[in-house]
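Visitor: Here it is: the structure, laid out below.
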Amino acid sequence: MSKTIKKICCIGAGYVGGPTMSVVAKQCPHIEITIVDMNAERIGAWNDENLENLPVYEPGLQEIVAEARGRNLFFSTDINKAIDEADMIFISVNTPTKNYGKGKGMAADLKYIELCARQIASVAKDDKIVVEKSTLPVRTAAALKSILDNTGNGVNFHILSNPEFLAEGTAIQDLINPDRVLIGGENEEAIAALVNIYAHWVDQSKILTTNLWSSELSKLTANAFLAQRVSSINSISALCEKTGANVDEVSKAIGMDTRIGAKFLKASVGFGGSCFQKDILNLVYIARSYGLTEVAEYWDQVILMNDYQKQRFADNIIQTLYNTVSGKKIAFLGWAFKKDTNDTRESAAIYVADYLLNEQAEITVYDPKVSAERIYADLDYLNTRSSEENRLLVKVVDTPYEACDDAHAVAILTEWDEFKSYDWKKIKDQMKKPAFVFDGRKLLNRKQLEDLDFKYYAIGE
């Protein structure tokens, strides 16, 4: 008989914890869910009366928060109280790639996870089920268990791995109607308790249970395979440009092979997001640490190809603009790593901008959902130049027309649907001539733009 879960606590109110727990609260009104975070400003935003101010933008999220918040969904900074009262604790904290020490630039930085575990251990007075929700390297559960068992108050902790497979921009749909739910663990009763929660709305046939290591490795591998497809088609896009082939035609032809399938074969300026690069780097690091050099190099190439694609895009802008962008205004449409999200982690736009700024370009950015402070923070994080220089060279504006006014070129870096419906004739009239458009997402209609007398460049054509 599995334990009945009455209260859940989720540590971490970010892109995973917020949407995931909101959907669980909606689907299980009988379970009280408290999402906690030490960032008081973020919790304040989750509790804001005005749902436009939620810290995470996802289509459909506002409606769910409106329904469940205050009923059985709560956001708080009182982490200890939530841990103490919960039967089940989800850990959804950030696991960035280490930027120091051994494994720098590759291994995941587990310090936040460890701090979580120590806090749970010191507070818990009765048995808890602890669920890893963050994307973590394989064998994190072992470290978690060791900390909990050795520093706790003699209570039992059961560790489960329940990786998220959300795509940002469609997270709510992915949660309500998932391809599969993966639960890894060693204790049958703990596994059953989590299965029962998902079974309120997910068909049992879609709930997979595995051992802990398989669950952890499946998450890294799924993202690595998806990223690999993007890098594969991007490598072919470079060949298409040299040979006169069209990457869209090639992509369509191979995508119709049922063994390959059409998804994730869209050539672009490169993949971004918090998971793909981080998870592959983790895979590479794990493979290296077990002496599997060839495996490590195979997966490392997926990242190298992605970096190459971003650099190639920036190089093409420079070469086309008569080999200099110094003092020229380049308009960026889009900064988020993909449409329908305000997440900018590892966005291609950051790296393309950095590359052009090294050539003394002046960049004006418009993105419908990303704030100016986020854009400057992304550039400052690279430490390529001072934050004063970043603010001098990069301007963030409120309308696309302001961004494109008097620009030498427009670069499309996010595939926001609204970009297609702009008055491109108006944009053309206010730009410097010849007016260049570099479409990093293959979003716009070539014929329409060429008829307006734009010089139009798309990846892989």
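Chain labels run A, B, ... following the order of the structure tokens; each chain numbers its residues from 1, and ligands are numbered from 1 in the order shown.
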When you look at segment 400-406 of chain A with a cut-off of 7 Å (counting only C-alpha atoms), what residues show up, excluding the ones that are within fewer than 5 positions of it in the same chain? I need them as number ranges by chain.
Guide: A: 331, 364-366, 427, 430-432
Visitor: Just the residues within 7 Å of Val394 of chain A, please, counting only C-alpha atoms, with nothing from its chain fewer than 2 positions along; format it as a list in words.
Guide: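 Listed by chain and then number, they are Glu362, Ile363, Thr364, Asn390, Arg391, Leu392 and Val396 of chain A.
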Visitor: I'd like the contact shell of Asp340 of chain A - 12 Å cut-off, only C-alpha atoms, skipping same-chain residues fewer than 4 positions apart - returned as a PyMOL selection string.
Guide: chain A and resi 56-61+167-172+334-336+344+367-370+414-418
Visitor: Run DSSP on the backbone of this structure and report the residues of segment 258-339 of chain A it assigns to helix (DSSP H, G or I), as a PyMOL selection string.
Guide: chain A and resi 276-289+293-320
